[in-house]
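Data first, discussion second: the structure below is written as structure tokens.
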Amino acid sequence: MKIKKIIVLGSCNTDMVIQTDRLPVPGETILGGDFMMTPGGKGANQAVAISRLGGSVTFITKTGNDVFGRQSIELYQDEGIETDHVFCDLGHPSGVALITVDKDAENCIVVASGANKTLSKEDIEKCRAEIERADILLMQFEVPLDIVEYAAEIAYEAGVKVIINPAPAVSISDSLFKKTSIIIPNMTEAEIISGVKVTDWDSAKKAADRIMEKGVETVIITLGSLGALLKTGDTCHEIPVDRKVKAVDTTAAGDTFCGAFCVAISENTSLVDAVRFANRAAGISVTKMGAQISIPYRRQLEGLLSNA
């Protein structure tokens with residue numbers, strides 16, 4: 001079977017995480033517990049997930065000329081990620097995320113984008129041939145939206161499947177919706193995009209219908225511990241998680257889901273089975289602290305895909 005090429009275009013950050021009993025309210029200072037500094041960024045998390053789960057992935061991103069950027073590139077190379085299109089900005093630092101995680105595994109995240117926000121159309125032009133040769137282009141919104149739209153145009157014209165994880169949620173143009181084959185929001189993002197408050201399967205279906213009206217072929221709404229809703233064409237599937245876990249930290253769960261889903265469909269797995277595979281991978285990720293450190297390897301999901 002031909003190995004399909006996945007490109008992730010997105011952010012590279014270093015995460016600084018503090019555990020607390022609860023999240024602080026505005027103006028409040030609280031004492032936290034353990035501190036850890038780990039590699040993160042939604043784009044990087046998704047690229048790492050794809051590589052660990054058996055996919056072939058190239059990462060397009062931008063770092064600063066600093067220790068965080070250099071460490072990130074070394075890590076990606078160690079993970080088996082193609083880094084020829086990791087650019088460096090000499091005038092901005094690498095991205096940093098400040099993350100607070102409470103005892104219920106809920107998190108609060110603030111991102112200083114740094115070099116991520118300087119990814120440019122000139123950078124993307126240097127990657128044009130790589131994008132046009134790909135099978136899947138996966139993107140999020142921690143880099144400038146106009147760059148996401150520019151890359152989507154290149155991919156769409158070349159017949160490359162465009163998958164969007166609309167995080168953090170922003171207003172999306174009609175043009176981007178129509179170039180998107182699959183969109184994967186969580187409940188909050190689905191609400192912002194559709195105008196429907198998502199709390200359960202029924203409301204998720206209504207949100208998915210609204211989103212599909214904008215021109216997207218397939219909508220997958222992740223519902224945390226419930227699982228994920230898949231709507232494609234006139235068909236809707238409620239796909240629950242297959243095993244309950246004790247959540248420790250939900251950071252990067254959505255990124256793990258997106259990466260796992262891309263790996264599964266790159267192996268010609270059905271959409272339903274791809275979502276099941278992604279549910280399991282995301283479920284494993286929430287049982288550990290940290291972003292990339294929590295992303296599972298293919299052997300931990302053995303048997304879930306036909307060639308696992």
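Chain labels run A, B, ... following the order of the structure tokens; each chain numbers its residues from 1, and ligands are numbered from 1 in the order shown.
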* Please run DSSP on the backbone and report, as an MDAnalysis selection string, all residues within stretch 67-308 of chain A that come out as strand (DSSP E). => chainID A and resid 86:89 95:101 107:112 136:139 161:164 182:183 218:222 227:232 235:240
* atom CA of A:Ile99 and atom CA of A:Met16 are how many Å apart? -> 6.0 Å
* Determine, counting only C-alpha atoms, which protein, DNA and RNA residues have an atom within 8 Å of an atom of A:Gly254; residues of the same chain fewer than 4 positions away are not included. Present the result as a PyMOL selection string. => chain A and resi 186+222+258+282
* To do: Excluding A:Glu217 and any residue of its chain fewer than 5 positions from it, enumerate the residues within 12 Å of it, using only C-alpha atoms, and give them as a PyMOL selection string.
  => chain A and resi 161-164+177-184+208-209+211-212+230-235
* Nearest candidate to A:Gln140 (options A:Val196, A:Ile284, A:Val8, A:Ala207; using only C-alpha atoms) -> A:Val8
* **Close residues, A:Pro144 itself excluded, 9 Å, only C-alpha atoms, min 3 positions apart in chain, as a list in words** => Asn116, Lys117, Thr118, Leu119, Ser120, Phe141, Ile147, Val148 and Glu149 of chain A
* Asked: Pick the closest to A:Asp202 from A:Ile220, A:Leu229, A:Val96, A:Ala190: which is it, counting only C-alpha atoms?
  ->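 Counting only C-alpha atoms, the residue closest to A:Asp202 is A:Leu229.
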Go through stretch 122-206 of chain A and flag each residue having an atom no more than 10 Å from stretch 29-47 of chain A; for those, report the closest pair of atoms plus their distance in Å to one decimal, using only C-alpha atoms, ordered by chain and rising number, as JSON lines.
{"residue": "A:Leu138", "atom": "CA", "partner": "A:Gln46", "partner_atom": "CA", "distance": 8.5}
{"residue": "A:Met139", "atom": "CA", "partner": "A:Gly43", "partner_atom": "CA", "distance": 7.1}
{"residue": "A:Gln140", "atom": "CA", "partner": "A:Gly43", "partner_atom": "CA", "distance": 6.8}
{"residue": "A:Phe141", "atom": "CA", "partner": "A:Lys42", "partner_atom": "CA", "distance": 8.6}
{"residue": "A:Glu142", "atom": "CA", "partner": "A:Lys42", "partner_atom": "CA", "distance": 7.2}
{"residue": "A:Val143", "atom": "CA", "partner": "A:Gly43", "partner_atom": "CA", "distance": 9.0}
{"residue": "A:Asn165", "atom": "CA", "partner": "A:Lys42", "partner_atom": "CA", "distance": 9.3}
{"residue": "A:Ala167", "atom": "CA", "partner": "A:Lys42", "partner_atom": "CA", "distance": 8.3}
{"residue": "A:Pro168", "atom": "CA", "partner": "A:Lys42", "partner_atom": "CA", "distance": 9.5}
